[in-house]
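In what follows, a single structure is set out as structure tokens and then discussed.
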Amino acid sequence: MMIVMKPTATEQEVQAVIDRVQSVGARTHLSRGEELTVIGAIGDREHVARLELEGTPGVDRVVPILKPYKLASSQFKHGRRTVLEIGSRKIGGENFALIAGPCTVESREQTLETARVVRDAGAALFRGGAYKPRTSPYAFQGLGQEGLRLLAEAKRETGLPVVTEVMDSRDLEAVLEVADVVQIGARNMQNYSLLSEVGRCGRPALLKRGLSSTLEELLMAAEYILKEGNEAVILCERGIRTFETAYRFTLDLTAVPVLKELSHLPVIVDPSHAAGRRDLVTPLSLAAAAAGADGIIVEVHPRPEEAICDGAQALLADEFAAYAERVQAVAAIAGKATSAVAV
Ligand code: PEP
Ligand code: MN
């Protein structure tokens, strides 16, 4: 941390602070500017914090050394939370946003049908993939440009803003034709050139946590986007790899309050990809809302048995309204207002 001395601080006061910092085993770095004298304390953060140097004679303020993810850190906003406005919807702060739609855009009928259902149930945004990150190169890779056209049609018809994934910066221009929010998938969380491109694209980004990434790595990835001047980043917990094999991934709900402590950015949860099973999606969603998530991104399909991708985890479109009501009720208990606007 940095100890900023008052301009009137005496030599003795400066030395007294240095001595106290060194007494707990930390190194000091004295920097004397024309107007400011700053003492950098490098060592065990906890030990130095316990010195409670604020209020010591000659000390103006104590500024914690910013985390490696400076722009994403809570300190950067002095405790204020980022609230994004996407169309007439808000994400972050006191708002709860439900983002719903199919895993992948398969056909005009499936896309429009799902979009209408989620719109009617009060979803804030519509999700759907046109470029799909598939484990197998032989699996369906998404409809690409045709998928983007169908998303644009769904947006026109329902008025819902669209979230869709970009996997390759060569597709970014096309994706930006329709995307109100550009998704970076878990597998691309550390694709730094893609992160930087999205940082420059001028559109909000939804950044998913990598399968085996720490929260610090997630925040460093967010930093790549923020660093390019894009301040609109949504963090998404979507389950991580653990030793447990009973379900697809382990949804790390502790990440929700912890990310909100570490960062000012909105934090949402994807229960679908974590669970991999429909029956787990509702309990995980309720838990995420209770944990204070700023929103949920969930997969929905009118006929999951026919889905090309992720059918096993898709909520049934017929049951989506009841699901949305329950999740929003829990979000309200957690102090959130739903930002959904019926269009
Ligand atoms: C998705 O949201 O469609 C997706 C593939 O998610 P993830 O990147 O979290 O696996
Ligand atoms: Mn999916």
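Chain labels follow the order of the structure tokens: the first chain is A, the next B, and so on; residue numbering restarts at 1 in every chain, and ligands are counted from 1 in their shown order.
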
For segment 29-31 of chain A: contacts at 10 Å, only C-alpha atoms, fewer than 4 positions along chain excluded, given as a ChimeraX atom specification: /A:2-4,14-15,18,36-42

Kindly export the residues of the current selection with C-alpha atoms, as an mmCIF file, in the first residue's frame.
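Writing the result to out22.cif gives the following:
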data_model
loop_
_atom_site.group_PDB
_atom_site.id
_atom_site.type_symbol
_atom_site.label_atom_id
_atom_site.label_comp_id
_atom_site.auth_asym_id
_atom_site.auth_seq_id
_atom_site.Cartn_x
_atom_site.Cartn_y
_atom_site.Cartn_z
ATOM 1 C CA MET A 2 0.955 3.625 -0.362
ATOM 2 C CA ILE A 3 1.126 5.964 2.589
ATOM 3 C CA VAL A 4 0.660 9.510 1.390
ATOM 4 C CA VAL A 14 8.142 10.410 7.891
ATOM 5 C CA GLN A 15 10.828 8.403 9.663
ATOM 6 C CA ILE A 18 8.980 4.078 7.942
ATOM 7 C CA LEU A 36 3.972 14.777 -2.157
ATOM 8 C CA THR A 37 5.967 12.419 -0.027
ATOM 9 C CA VAL A 38 4.790 8.871 -0.455
ATOM 10 C CA ILE A 39 5.968 5.791 1.370
ATOM 11 C CA GLY A 40 5.380 2.531 -0.421
ATOM 12 C CA ALA A 41 5.014 -0.452 1.905
ATOM 13 C CA ILE A 42 5.860 -3.754 0.272
#

Would you tabulate, counting only C-alpha atoms and all ligand atoms, all residues of chain A that have an atom at most 9 Å from an atom of ligand 1, showing the closest pair of atoms and their distance in Å to one decimal, sorted by chain then ascending number, as a tab-separated table?
residue	atom	partner	partner_atom_place_in_ligand_line	distance
A:Pro102	CA	ligand 1	3 (O)	8.2
A:Cys103	CA	ligand 1	3 (O)	5.0
A:Thr104	CA	ligand 1	3 (O)	6.9
A:Arg127	CA	ligand 1	2 (O)	8.2
A:Gly128	CA	ligand 1	3 (O)	7.2
A:Gly129	CA	ligand 1	3 (O)	6.0
A:Tyr131	CA	ligand 1	3 (O)	8.9
A:Lys132	CA	ligand 1	5 (C)	6.3
A:Pro133	CA	ligand 1	5 (C)	5.8
A:Arg134	CA	ligand 1	5 (C)	7.5
A:Thr164	CA	ligand 1	3 (O)	8.3
A:Glu165	CA	ligand 1	3 (O)	7.4
A:Gln183	CA	ligand 1	2 (O)	7.8
A:Ile184	CA	ligand 1	8 (O)	7.0
A:Gly185	CA	ligand 1	8 (O)	3.4
A:Ala186	CA	ligand 1	8 (O)	3.8
A:Arg187	CA	ligand 1	8 (O)	5.8
A:Asn188	CA	ligand 1	8 (O)	7.6
A:Met189	CA	ligand 1	8 (O)	8.5
A:Leu207	CA	ligand 1	8 (O)	8.8
A:Lys208	CA	ligand 1	9 (O)	5.7
A:Arg209	CA	ligand 1	9 (O)	7.2
A:Gly210	CA	ligand 1	9 (O)	7.5
A:Leu211	CA	ligand 1	9 (O)	7.9
A:Cys236	CA	ligand 1	9 (O)	8.2
A:Glu237	CA	ligand 1	9 (O)	8.1
A:Arg238	CA	ligand 1	9 (O)	5.4
A:Gly239	CA	ligand 1	9 (O)	7.7
A:Asp270	CA	ligand 1	9 (O)	7.3
A:Ser272	CA	ligand 1	2 (O)	8.4
A:His273	CA	ligand 1	9 (O)	5.9
A:Ala274	CA	ligand 1	9 (O)	7.9
A:Ile297	CA	ligand 1	2 (O)	8.0
A:Val298	CA	ligand 1	2 (O)	8.3
A:Glu299	CA	ligand 1	2 (O)	8.1
A:Asp310	CA	ligand 1	3 (O)	8.6

Next, write the just-selected residues to a file, as a tab-separated table (two decimals), in the first residue's frame, keeping N, CA and C atoms as the atom set.
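Result file is again.tsv:
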chain	number	residue	atom	x	y	z
A	102	PRO	N	-32.02	-19.90	-26.62
A	102	PRO	CA	-31.44	-21.22	-26.92
A	102	PRO	C	-29.92	-21.20	-26.83
A	103	CYS	N	-29.36	-22.39	-26.68
A	103	CYS	CA	-27.91	-22.52	-26.75
A	103	CYS	C	-27.48	-21.98	-28.11
A	104	THR	N	-28.07	-22.56	-29.12
A	104	THR	CA	-27.69	-22.16	-30.48
A	104	THR	C	-28.93	-21.88	-31.34
A	127	ARG	N	-30.64	-14.53	-25.57
A	127	ARG	CA	-29.33	-15.10	-25.91
A	127	ARG	C	-29.49	-16.14	-27.03
A	128	GLY	N	-28.44	-16.36	-27.77
A	128	GLY	CA	-28.46	-17.39	-28.80
A	128	GLY	C	-27.12	-17.37	-29.53
A	129	GLY	N	-26.58	-18.55	-29.76
A	129	GLY	CA	-25.27	-18.62	-30.39
A	129	GLY	C	-25.36	-18.86	-31.88
A	131	TYR	N	-22.13	-18.71	-33.52
A	131	TYR	CA	-20.80	-19.34	-33.59
A	131	TYR	C	-20.62	-20.11	-32.30
A	132	LYS	N	-20.51	-21.41	-32.39
A	132	LYS	CA	-20.50	-22.24	-31.18
A	132	LYS	C	-19.14	-22.86	-30.91
A	133	PRO	N	-18.67	-22.73	-29.68
A	133	PRO	CA	-17.41	-23.39	-29.31
A	133	PRO	C	-17.71	-24.84	-28.93
A	134	ARG	N	-17.44	-25.77	-29.79
A	134	ARG	CA	-17.78	-27.17	-29.51
A	134	ARG	C	-16.51	-27.98	-29.22
A	164	THR	N	-24.81	-12.49	-28.04
A	164	THR	CA	-24.33	-13.62	-28.84
A	164	THR	C	-22.81	-13.67	-28.80
A	165	GLU	N	-22.30	-14.88	-28.98
A	165	GLU	CA	-20.86	-15.09	-28.78
A	165	GLU	C	-20.05	-14.79	-30.03
A	183	GLN	N	-20.66	-11.79	-26.36
A	183	GLN	CA	-20.23	-12.80	-25.38
A	183	GLN	C	-18.86	-13.35	-25.74
A	184	ILE	N	-18.02	-13.47	-24.71
A	184	ILE	CA	-16.74	-14.19	-24.86
A	184	ILE	C	-16.88	-15.45	-24.04
A	185	GLY	N	-16.80	-16.58	-24.68
A	185	GLY	CA	-17.06	-17.85	-24.02
A	185	GLY	C	-15.94	-18.26	-23.09
A	186	ALA	N	-16.27	-19.25	-22.25
A	186	ALA	CA	-15.32	-19.73	-21.24
A	186	ALA	C	-14.00	-20.15	-21.88
A	187	ARG	N	-14.10	-20.78	-23.04
A	187	ARG	CA	-12.87	-21.30	-23.68
A	187	ARG	C	-12.01	-20.20	-24.27
A	188	ASN	N	-12.56	-19.05	-24.42
A	188	ASN	CA	-11.81	-17.92	-24.98
A	188	ASN	C	-11.45	-16.87	-23.94
A	189	MET	N	-11.69	-17.21	-22.67
A	189	MET	CA	-11.46	-16.19	-21.64
A	189	MET	C	-10.03	-15.68	-21.64
A	207	LEU	N	-18.34	-11.63	-20.26
A	207	LEU	CA	-17.13	-12.43	-20.20
A	207	LEU	C	-17.33	-13.62	-19.27
A	208	LYS	N	-17.23	-14.80	-19.85
A	208	LYS	CA	-17.43	-16.01	-19.03
A	208	LYS	C	-16.13	-16.46	-18.39
A	209	ARG	N	-16.25	-16.99	-17.20
A	209	ARG	CA	-15.08	-17.50	-16.50
A	209	ARG	C	-14.61	-18.78	-17.18
A	210	GLY	N	-13.30	-18.88	-17.36
A	210	GLY	CA	-12.74	-20.08	-17.97
A	210	GLY	C	-12.99	-21.32	-17.12
A	211	LEU	N	-12.98	-22.45	-17.76
A	211	LEU	CA	-13.28	-23.72	-17.10
A	211	LEU	C	-12.40	-23.99	-15.89
A	236	CYS	N	-19.25	-13.45	-15.75
A	236	CYS	CA	-20.20	-14.56	-15.67
A	236	CYS	C	-19.54	-15.82	-15.09
A	237	GLU	N	-20.10	-16.29	-13.99
A	237	GLU	CA	-19.68	-17.57	-13.42
A	237	GLU	C	-20.52	-18.66	-14.10
A	238	ARG	N	-19.84	-19.66	-14.69
A	238	ARG	CA	-20.57	-20.68	-15.45
A	238	ARG	C	-20.15	-22.09	-15.06
A	239	GLY	N	-19.52	-22.21	-13.90
A	239	GLY	CA	-19.10	-23.55	-13.46
A	239	GLY	C	-17.66	-23.79	-13.82
A	270	ASP	N	-24.44	-18.46	-14.98
A	270	ASP	CA	-24.98	-19.36	-16.00
A	270	ASP	C	-25.15	-20.74	-15.37
A	272	SER	N	-26.95	-23.18	-16.59
A	272	SER	CA	-27.18	-24.22	-17.60
A	272	SER	C	-25.91	-25.00	-17.91
A	273	HIS	N	-24.83	-24.24	-18.21
A	273	HIS	CA	-23.60	-24.93	-18.59
A	273	HIS	C	-22.92	-25.58	-17.40
A	274	ALA	N	-23.17	-25.03	-16.21
A	274	ALA	CA	-22.61	-25.67	-15.01
A	274	ALA	C	-23.29	-27.01	-14.80
A	297	ILE	N	-28.03	-16.07	-16.93
A	297	ILE	CA	-28.14	-16.38	-18.36
A	297	ILE	C	-28.45	-17.86	-18.46
A	298	VAL	N	-29.58	-18.17	-19.09
A	298	VAL	CA	-30.08	-19.55	-19.04
A	298	VAL	C	-30.56	-20.00	-20.42
A	299	GLU	N	-30.41	-21.31	-20.67
A	299	GLU	CA	-30.82	-21.84	-21.97
A	299	GLU	C	-32.26	-22.39	-21.94
A	310	ASP	N	-26.86	-28.96	-26.52
A	310	ASP	CA	-27.21	-28.71	-25.11
A	310	ASP	C	-28.70	-28.88	-24.77

- request: Looking only at helix (DSSP H, G or I) from DSSP on the backbone, list the matching residues of segment 4-234 of chain A as a ChimeraX atom specification.
  value: /A:11-23,45-49,74-77,108-120,145-158,169-176,186-188,192-199,215-227

query: Using only C-alpha atoms, which residue out of A:Glu217, A:Glu319, A:Asp252, A:Asp19 lies closest to Lys67 of chain A?
result: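 Among the listed residues, A:Glu217 lies closest to Lys67 of chain A.
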
- request: Quick one: everything within 6 Å of segment 290-293 of chain A, counting only C-alpha atoms, minus sequence neighbours fewer than 6 positions away in the same chain. Send it as a list in words.
  value: Val267, Ile268, Val330 and Ala334 of chain A

Selected residues written out with N, CA, C and O atoms, as a short mmCIF file (atom, residue, chain, number, x, y, z; two decimals), in the first residue's frame:
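As a result, part12.cif now contains:
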data_model
loop_
_atom_site.label_atom_id
_atom_site.label_comp_id
_atom_site.auth_asym_id
_atom_site.auth_seq_id
_atom_site.Cartn_x
_atom_site.Cartn_y
_atom_site.Cartn_z
N VAL A 267 -22.08 -9.04 -11.98
CA VAL A 267 -21.74 -10.48 -11.95
C VAL A 267 -23.01 -11.28 -12.20
O VAL A 267 -23.99 -11.14 -11.45
N ILE A 268 -22.99 -12.08 -13.24
CA ILE A 268 -24.15 -12.93 -13.50
C ILE A 268 -23.73 -14.40 -13.45
O ILE A 268 -22.54 -14.71 -13.38
N VAL A 330 -36.94 -14.59 -5.80
CA VAL A 330 -35.76 -14.75 -4.93
C VAL A 330 -34.82 -13.55 -5.10
O VAL A 330 -34.27 -13.04 -4.12
N ALA A 334 -33.36 -10.86 -2.33
CA ALA A 334 -31.94 -10.48 -2.22
C ALA A 334 -31.75 -8.98 -2.46
O ALA A 334 -30.62 -8.51 -2.55
#

task: Do a neighbour search on Gly311 of chain A at 8 Å with only C-alpha atoms, toss out local chain neighbours closer than 6 positions, and write the hits as a ChimeraX atom specification.
output: /A:301,304-305

query: Using only C-alpha atoms and all ligand atoms, which of the listed residues (A:Val105, A:Ser74, A:Arg149, A:Ala332) sits closest to ligand 2?
result: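 That would be A:Val105, the residue with the smallest distance to ligand 2.
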
- request: Considering only C-alpha atoms, state which residue in the set A:Glu13, A:Glu94, A:Glu113, A:Glu34 is at the smallest distance from Pro57 of chain A.
  value: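 Of the candidates, the smallest distance to Pro57 of chain A is held by A:Glu13.
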
query: Taking only C-alpha atoms into account, which of A:Ile86, A:Ile99, A:Ala16, A:Cys309 comes nearest Val59 of chain A?
result: A:Ala16

- request: Check the smallest atom-to-atom distance from each of A:Ala337, A:Lys70, A:Val62, A:Phe96 to Ala221 of chain A using only C-alpha atoms, then report the winner.
  value: A:Lys70

- prompt: Any idea what the distance is between atom CA of Lys336 of chain A and atom CA of Val256 of chain A?
  reply: 14.4 Å

DSSP strand (DSSP E) selection over segment 30-227 of chain A, as a PyMOL selection string: chain A and resi 30-32+37-42+59-63+84-86+89-91+95-101+125-127+162-165+181-184+205-208

- prompt: What does the distance from atom CA of Leu53 of chain A to atom CA of Arg32 of chain A come to in Å, to one decimal?
  reply: 18.6 Å

query: Which residues come within 9 Å of Glu157 of chain A, counting only C-alpha atoms, excluding same-chain residues fewer than 3 positions away, as a ChimeraX atom specification?
result: /A:112,115-116,152-154,160

What would the file look like if the residues just selected were written as an mmCIF file, in the first residue's frame with all heavy atoms?
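Result file follows (selection39.cif):
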data_model
loop_
_atom_site.group_PDB
_atom_site.id
_atom_site.type_symbol
_atom_site.label_atom_id
_atom_site.label_comp_id
_atom_site.auth_asym_id
_atom_site.auth_seq_id
_atom_site.Cartn_x
_atom_site.Cartn_y
_atom_site.Cartn_z
ATOM 1 N N LEU A 112 -37.478 -17.729 -33.184
ATOM 2 C CA LEU A 112 -38.548 -16.759 -32.921
ATOM 3 C C LEU A 112 -39.480 -17.248 -31.814
ATOM 4 O O LEU A 112 -39.899 -16.468 -30.953
ATOM 5 C CB LEU A 112 -39.340 -16.478 -34.201
ATOM 6 C CG LEU A 112 -38.545 -15.794 -35.317
ATOM 7 C CD1 LEU A 112 -39.422 -15.513 -36.531
ATOM 8 C CD2 LEU A 112 -37.926 -14.481 -34.826
ATOM 9 N N ALA A 115 -37.723 -16.706 -28.530
ATOM 10 C CA ALA A 115 -37.607 -15.277 -28.218
ATOM 11 C C ALA A 115 -38.932 -14.718 -27.690
ATOM 12 O O ALA A 115 -38.961 -13.958 -26.726
ATOM 13 C CB ALA A 115 -37.155 -14.504 -29.463
ATOM 14 N N ARG A 116 -40.040 -15.144 -28.316
ATOM 15 C CA ARG A 116 -41.355 -14.659 -27.858
ATOM 16 C C ARG A 116 -41.634 -15.135 -26.438
ATOM 17 O O ARG A 116 -42.118 -14.385 -25.596
ATOM 18 C CB ARG A 116 -42.464 -15.178 -28.783
ATOM 19 C CG ARG A 116 -42.488 -14.490 -30.116
ATOM 20 C CD ARG A 116 -43.672 -14.993 -30.957
ATOM 21 N NE ARG A 116 -43.373 -14.825 -32.372
ATOM 22 C CZ ARG A 116 -43.226 -15.816 -33.250
ATOM 23 N NH1 ARG A 116 -43.381 -17.084 -32.891
ATOM 24 N NH2 ARG A 116 -42.939 -15.539 -34.507
ATOM 25 N N ALA A 152 -31.165 -11.237 -35.570
ATOM 26 C CA ALA A 152 -31.606 -9.872 -35.890
ATOM 27 C C ALA A 152 -33.124 -9.842 -36.060
ATOM 28 O O ALA A 152 -33.798 -8.900 -35.621
ATOM 29 C CB ALA A 152 -30.904 -9.384 -37.159
ATOM 30 N N GLU A 153 -33.651 -10.879 -36.667
ATOM 31 C CA GLU A 153 -35.104 -10.937 -36.860
ATOM 32 C C GLU A 153 -35.811 -11.059 -35.505
ATOM 33 O O GLU A 153 -36.826 -10.397 -35.256
ATOM 34 C CB GLU A 153 -35.459 -12.125 -37.777
ATOM 35 C CG GLU A 153 -36.897 -12.080 -38.222
ATOM 36 C CD GLU A 153 -37.260 -13.188 -39.216
ATOM 37 O OE1 GLU A 153 -36.344 -13.819 -39.797
ATOM 38 O OE2 GLU A 153 -38.479 -13.410 -39.387
ATOM 39 N N ALA A 154 -35.256 -11.898 -34.626
ATOM 40 C CA ALA A 154 -35.851 -12.072 -33.287
ATOM 41 C C ALA A 154 -35.822 -10.749 -32.519
ATOM 42 O O ALA A 154 -36.764 -10.393 -31.817
ATOM 43 C CB ALA A 154 -35.092 -13.151 -32.521
ATOM 44 N N LEU A 160 -36.219 -7.368 -27.887
ATOM 45 C CA LEU A 160 -35.217 -7.746 -26.887
ATOM 46 C C LEU A 160 -33.803 -7.525 -27.419
ATOM 47 O O LEU A 160 -33.478 -7.968 -28.521
ATOM 48 C CB LEU A 160 -35.345 -9.233 -26.512
ATOM 49 C CG LEU A 160 -36.526 -9.653 -25.655
ATOM 50 C CD1 LEU A 160 -36.451 -11.161 -25.378
ATOM 51 C CD2 LEU A 160 -36.563 -8.888 -24.347
#
